[in-house]
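Participant: Provided herewith is a single structure, encoded as structure tokens, for subsequent inquiry.
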Amino acid sequence: MNQLPVLIPVSLLLFSFIVFLAGLLRKNLTFPLTVLGVLASFVFSILGLVQVLRYGTQHYYIGGWVPPIGIEYVLDHLSAFMAVIVTFIGLISVVYSRRSFLQEVPERIVPLYALVLLLLAGLTGIIVSGDLFNLFVFLEIASLTAYALIAVGGKKAPIAAFRYAILGTLGACFYLLGVGFIYFATGSLNMADVAHILPEVSDANTIIAAVALIVIGIGLKMALFPLHVWLPDAYTYAPSAVTALIAPIMTKVGAYVLIRMLLSVFSPDYLTDALPVTVIIGWLGAIGVMVASVMAIAQRDFRRMLAYSSVAQIGYIALGIGMANPLGLIGALLHILNHAFMKGCLFQVAGGIRYRTGLWEISRFAGLGRRMPWTMGAFTVAALSMIGIPPTCGFFSKWYLVLGGVDAGNWVFVAVIVFSSLLNAVYFFRVLERVYLSPPSGDASVEQAKEPPKLMLSPTLILGAGIMILGLASIVIVNNVLEPAVSWAF
């Protein structure tokens, strides 16, 4: 079972080639093979999490070369937790995508599914990598495929993808330069080995420069305010099913990298006492939460409202990182999980509305609650969770963030979390009011609307149910997975 860390990304890489080659022969094979590939990776992720919970951290050495010489793949509580999130959301999104792709981009089905598998391979590779340079390789695999997936959307999609590519490439360059400086100072790229050597050279200018470059680079990748400018257009103009895949997990893996650096490479004490990195991240997150929430209120396009909401939610995760204490990091990691379900559900609802009505303007949603009751019911659950209404999962991650702020004595962060929830209520209740309470406008698109096909509706309802289940199971997840993932570093 020691092969589990490498099987998670490699199964996806293998199936990306199989899907492309099989699709050239028979186009209708692409979807079932893609589902099979993602399902295999999800099963390996579940088995990996079970192994970690039972026996502790799992290691795999590429080619049998032991670190620091060889490349190491690692499954611990943190990486196993993230791998399950990414592969599960990937599986749900792939099932959802079939009808959406057939309507929006039917001629590009084969390369799209191959790219989806490559994207998931890149994201899972980032998660299990125990090597700083190998992480960069997978980071670029994920980024390049994301640019391509976004570019096949509407008329404005190529411009949005180009902007994302420019800023994403800058982020990758910053990260790689930072890794280079670490290698110059330590002579190693293995994360555990670097963490062992760093205390001896932590005062060197090269390490200070490396920290700054890595944080800026990953900040661009995770759309940390004010480095988020690529995100609203990318989420708005990409194909609906692509956004429903990327929005829940892409930036969260970037946040995972920051947390991994904080816990496993530089140590919390170094990034709080020696260098005020976590303080900067926390304040940028606080500002981002407020600014992005206000921007979401100002949007008329449903997709764009959800995009700015995503920037705000990334700010919550940054707040948890900025607190740099166990409760704050538990809140950040729990919010990564919860946001994956919430935002996945919301963007699938958006795709379902587009599939049946072709509408994006919130002002034209009057009557959808009656025409699409199950879809809008899922939206209601996700919206309440985004606001932070118990017992939905969104309440519990915000609760841990509040506890982290109290523990850190940072009452400004606590106030930001509470007040921003009111802002969330403003823009989500605006949609709920339009959907359920506004009189029907007579819009033919709405009057003829009905629930999306079962292959689209079922994943949306699963995520909606998951929001409630995660809320009830939060204490189990925190005690068995998240506490062991962060407590050892403090």
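Here's how to read the names in the structure tokens: chain A, B, ... by the order shown, residue numbers from 1 in each chain, ligand numbers from 1 in the order shown.
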Please build the interface table for segment 56-128 of chain A against segment 347-354 of chain A with a cut-off of 9 Å, listing for each qualifying residue the nearest atom pair and the distance in Å to one decimal; count only C-alpha atoms, order rows by chain and increasing number, and write it as JSON lines.
Facilitator:
{"residue": "A:Ser93", "atom": "CA", "partner": "A:Gln348", "partner_atom": "CA", "distance": 8.3}
{"residue": "A:Tyr96", "atom": "CA", "partner": "A:Gln348", "partner_atom": "CA", "distance": 7.8}
{"residue": "A:Ser100", "atom": "CA", "partner": "A:Gly351", "partner_atom": "CA", "distance": 7.4}
Participant: Residues of the last selection are to be written out with N, CA and C atoms, as a compact mmCIF listing (two decimals), in the first residue's frame.
Facilitator:
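So the final result, stored in again29.txt, reads:
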# COMPACT_ATOMS: atom_id res chain seq x y z
N SER A 93 -17.74 16.82 -10.52
CA SER A 93 -17.75 17.81 -11.61
C SER A 93 -17.71 17.13 -12.97
N TYR A 96 -21.14 15.85 -13.75
CA TYR A 96 -21.99 17.00 -14.07
C TYR A 96 -21.71 17.54 -15.47
N SER A 100 -23.47 19.58 -20.05
CA SER A 100 -23.05 20.97 -20.22
C SER A 100 -22.07 21.12 -21.37
Participant: May I have the residues within 9 Å of Ala324 of chain A as a VMD selection string, using only C-alpha atoms and disregarding those fewer than 6 positions away in the same chain?
Facilitator: chain A and resid 262 268 to 269 271 to 272 278 to 279 282 404 408
Participant: Counting only C-alpha atoms, figure out which residue out of A:Val94, A:Leu75, A:Ile330, A:Ile462 gets nearest to Pro484 of chain A.
Facilitator: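 Looking only at the distances to Pro484 of chain A, the closest residue turns out to be A:Ile330.
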Participant: At a cut-off of 8 Å, using only C-alpha atoms, what residues contact Phe365 of chain A? Leave out same-chain residues fewer than 4 positions from it and give the result as a list in words.
Facilitator: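 My list of contacting residues is Leu359, Glu361, Val431, Arg434, Val435 and Val446 of chain A.
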Participant: Could you write those residues out with C-alpha atoms, as a short mmCIF file (atom, residue, chain, number, x, y, z; two decimals), in the first residue's frame?
Facilitator:
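File again.cif, as written:
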data_model
loop_
_atom_site.label_atom_id
_atom_site.label_comp_id
_atom_site.auth_asym_id
_atom_site.auth_seq_id
_atom_site.Cartn_x
_atom_site.Cartn_y
_atom_site.Cartn_z
CA LEU A 359 -29.73 33.49 -18.47
CA GLU A 361 -28.67 38.29 -15.25
CA VAL A 431 -30.90 36.42 -5.39
CA ARG A 434 -35.63 37.53 -6.83
CA VAL A 435 -36.05 33.76 -7.22
CA VAL A 446 -38.07 31.38 -17.30
#
Participant: So which residues touch Pro391 of chain A within 10 Å, counting only C-alpha atoms, skipping near sequence neighbours fewer than 3 positions away, as a PyMOL selection string?
Facilitator: chain A and resi 384-385+388+394-396+467-472+474
Participant: Would you please give, as a PyMOL selection string, all residues of segment 45-111 of chain A that DSSP assigns to alpha helix (DSSP H) based on the backbone?
Facilitator: chain A and resi 45-55+77-104+109-111
Participant: Neighbours of Ile314 of chain A within 8 Å (only C-alpha atoms; same-chain residues fewer than 3 positions away dropped), as an MDAnalysis selection string?
Facilitator: chainID A and resid 222:224 251:252 285 289 310:311 317:318
Participant: Keeping only N, CA and C atoms, take the residues you just selected and write them out as an mmCIF file, in the first residue's frame.
Facilitator:
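Wrote it out as selection.cif, contents follow:
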data_model
loop_
_atom_site.group_PDB
_atom_site.id
_atom_site.type_symbol
_atom_site.label_atom_id
_atom_site.label_comp_id
_atom_site.auth_asym_id
_atom_site.auth_seq_id
_atom_site.Cartn_x
_atom_site.Cartn_y
_atom_site.Cartn_z
ATOM 1 N N MET A 222 -3.262 31.556 -5.927
ATOM 2 C CA MET A 222 -4.479 31.362 -5.121
ATOM 3 C C MET A 222 -5.412 32.566 -5.166
ATOM 4 N N ALA A 223 -5.044 33.587 -5.965
ATOM 5 C CA ALA A 223 -5.876 34.791 -6.126
ATOM 6 C C ALA A 223 -6.063 35.536 -4.813
ATOM 7 N N LEU A 224 -4.991 35.643 -4.034
ATOM 8 C CA LEU A 224 -5.012 36.425 -2.809
ATOM 9 C C LEU A 224 -5.075 37.910 -3.147
ATOM 10 N N THR A 251 -7.832 27.346 -6.655
ATOM 11 C CA THR A 251 -7.173 28.300 -5.761
ATOM 12 C C THR A 251 -6.951 27.700 -4.374
ATOM 13 N N LYS A 252 -7.773 26.733 -3.994
ATOM 14 C CA LYS A 252 -7.618 26.127 -2.666
ATOM 15 C C LYS A 252 -6.346 25.304 -2.584
ATOM 16 N N GLY A 285 -5.818 39.227 3.460
ATOM 17 C CA GLY A 285 -7.051 38.453 3.463
ATOM 18 C C GLY A 285 -8.222 39.241 4.010
ATOM 19 N N VAL A 289 -11.515 40.153 1.864
ATOM 20 C CA VAL A 289 -12.871 39.735 2.264
ATOM 21 C C VAL A 289 -13.839 40.900 2.111
ATOM 22 N N SER A 310 -15.859 34.244 -4.512
ATOM 23 C CA SER A 310 -14.721 33.337 -4.358
ATOM 24 C C SER A 310 -13.497 34.075 -3.845
ATOM 25 N N VAL A 311 -13.269 35.300 -4.338
ATOM 26 C CA VAL A 311 -12.140 36.097 -3.852
ATOM 27 C C VAL A 311 -12.284 36.347 -2.356
ATOM 28 N N ILE A 317 -9.672 32.125 4.115
ATOM 29 C CA ILE A 317 -8.584 31.159 4.284
ATOM 30 C C ILE A 317 -7.291 31.885 4.632
ATOM 31 N N ALA A 318 -7.049 33.024 3.975
ATOM 32 C CA ALA A 318 -5.856 33.816 4.279
ATOM 33 C C ALA A 318 -5.890 34.346 5.712
#
Participant: Considering only C-alpha atoms, state which residue in the set A:Ala473, A:Leu423, A:Val257, A:Leu167 is at the smallest distance from Val291 of chain A.
Facilitator: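 Using only C-alpha atoms, Val291 of chain A sits closest to A:Leu423.
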Participant: Taking only C-alpha atoms into account, which of A:Ser264, A:Ala292, A:Tyr113, A:Gly130 comes nearest Val66 of chain A?
Facilitator: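 So, comparing all the options, the nearest one is A:Gly130.
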Participant: Nearest to Leu120 of chain A among A:Val179, A:Leu102, A:Ala83, A:Leu25, with distances taken over only C-alpha atoms: which residue is it?
Facilitator: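 Closest candidate: A:Ala83.
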Participant: For each of A:Ala209, A:Leu319, A:Leu139, A:Ile46, take the minimum atom-to-atom distance to Val84 of chain A, counting only C-alpha atoms, then give the residue where this is smallest.
Facilitator: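 For Val84 of chain A, the nearest of the given residues is A:Ile46.
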Participant: So, counting only C-alpha atoms, which residue among A:Asn28, A:Asn190, A:Ser487, A:Thr124 is closest to Leu7 of chain A?
Facilitator: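 Comparing A:Asn28, A:Asn190, A:Ser487, A:Thr124 against Leu7 of chain A, the winner is A:Thr124.
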Participant: What lies within 12 Å of Ile214 of chain A using only C-alpha atoms, ignoring chain neighbours under 5 positions off, as a ChimeraX atom specification?
Facilitator: /A:132,136,170-182,207-209,219-221,254,257-258,260-262,265-266,277
Participant: If you keep C-alpha atoms, can you produce a file of those selected residues as a compact mmCIF listing (two decimals), in the first residue's frame?
Facilitator:
# COMPACT_ATOMS: atom_id res chain seq x y z
CA LEU A 132 9.87 21.76 -3.79
CA PHE A 136 6.60 23.36 -9.30
CA LEU A 170 4.62 35.43 -13.19
CA GLY A 171 3.50 33.53 -10.11
CA ALA A 172 5.31 30.40 -11.29
CA CYS A 173 8.48 32.39 -11.96
CA PHE A 174 8.40 33.93 -8.49
CA TYR A 175 7.90 30.53 -6.90
CA LEU A 176 10.71 28.93 -8.94
CA LEU A 177 13.12 31.76 -8.10
CA GLY A 178 12.29 31.28 -4.42
CA VAL A 179 12.97 27.55 -4.68
CA GLY A 180 16.26 28.34 -6.41
CA PHE A 181 17.32 30.57 -3.53
CA ILE A 182 16.42 27.84 -1.04
CA ILE A 207 16.16 32.72 2.61
CA ILE A 208 14.37 36.00 3.27
CA ALA A 209 14.19 36.60 -0.49
CA GLY A 219 -0.46 34.41 -3.73
CA LEU A 220 -0.93 34.96 -7.47
CA LYS A 221 -1.92 31.33 -7.96
CA GLY A 254 -2.66 27.23 -3.86
CA VAL A 257 0.78 25.14 -0.67
CA LEU A 258 1.03 28.19 1.60
CA ARG A 260 2.29 23.39 3.68
CA MET A 261 5.16 25.90 3.55
CA LEU A 262 4.09 27.31 6.90
CA VAL A 265 9.18 23.98 5.53
CA PHE A 266 9.59 27.34 7.27
CA VAL A 277 4.79 37.05 6.53
Participant: Please build the interface table for segment 23-108 of chain A against segment 152-160 of chain A with a cut-off of 10 Å, listing for each qualifying residue the nearest atom pair and the distance in Å to one decimal; count only C-alpha atoms, order rows by chain and increasing number, and write it as CSV.
Facilitator:
residue,atom,partner,partner_atom,distance
A:Glu104,CA,A:Gly153,CA,8.0
A:Val105,CA,A:Val152,CA,7.7
A:Arg108,CA,A:Val152,CA,8.4
Participant: Would you save the residues of that selection, restricted to C-alpha atoms, as a PDB file, in the first residue's frame?
Facilitator:
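Dumped to result-v9.pdb:
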ATOM      1  CA  GLU A 104     -21.628  24.552 -25.011  1.00  0.00           C
ATOM      2  CA  VAL A 105     -18.558  22.969 -26.653  1.00  0.00           C
ATOM      3  CA  ARG A 108     -14.100  19.801 -28.216  1.00  0.00           C
TER       4      ARG A 108
END
Participant: Report the distance between atom CA of Val52 of chain A and atom CA of Ala192 of chain A in Å, rounded to one decimal place.
Facilitator: 17.7 Å
Participant: Can you tell me, as a compact mmCIF listing (two decimals) with N, CA and C atoms, in the first residue's frame, what residues are no more than 6 Å from Ile387 of chain A when counting only C-alpha atoms, ignoring any on the same chain fewer than 3 positions away?
Facilitator:
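Listing of out_30.txt after writing:
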# COMPACT_ATOMS: atom_id res chain seq x y z
N LEU A 384 -27.06 29.82 2.23
CA LEU A 384 -27.11 29.92 3.70
C LEU A 384 -25.78 29.50 4.32
N SER A 421 -19.98 38.41 6.91
CA SER A 421 -21.10 37.49 6.79
C SER A 421 -22.40 38.24 6.51
N ASN A 424 -22.26 39.01 2.89
CA ASN A 424 -22.65 37.81 2.15
C ASN A 424 -24.17 37.68 2.11
N ALA A 425 -24.81 37.96 3.23
CA ALA A 425 -26.27 37.87 3.28
C ALA A 425 -26.92 38.84 2.31
Participant: Can you tell me how far atom CA of Tyr147 of chain A sits from atom CA of Leu13 of chain A, in Å to one decimal?
Facilitator: 17.8 Å
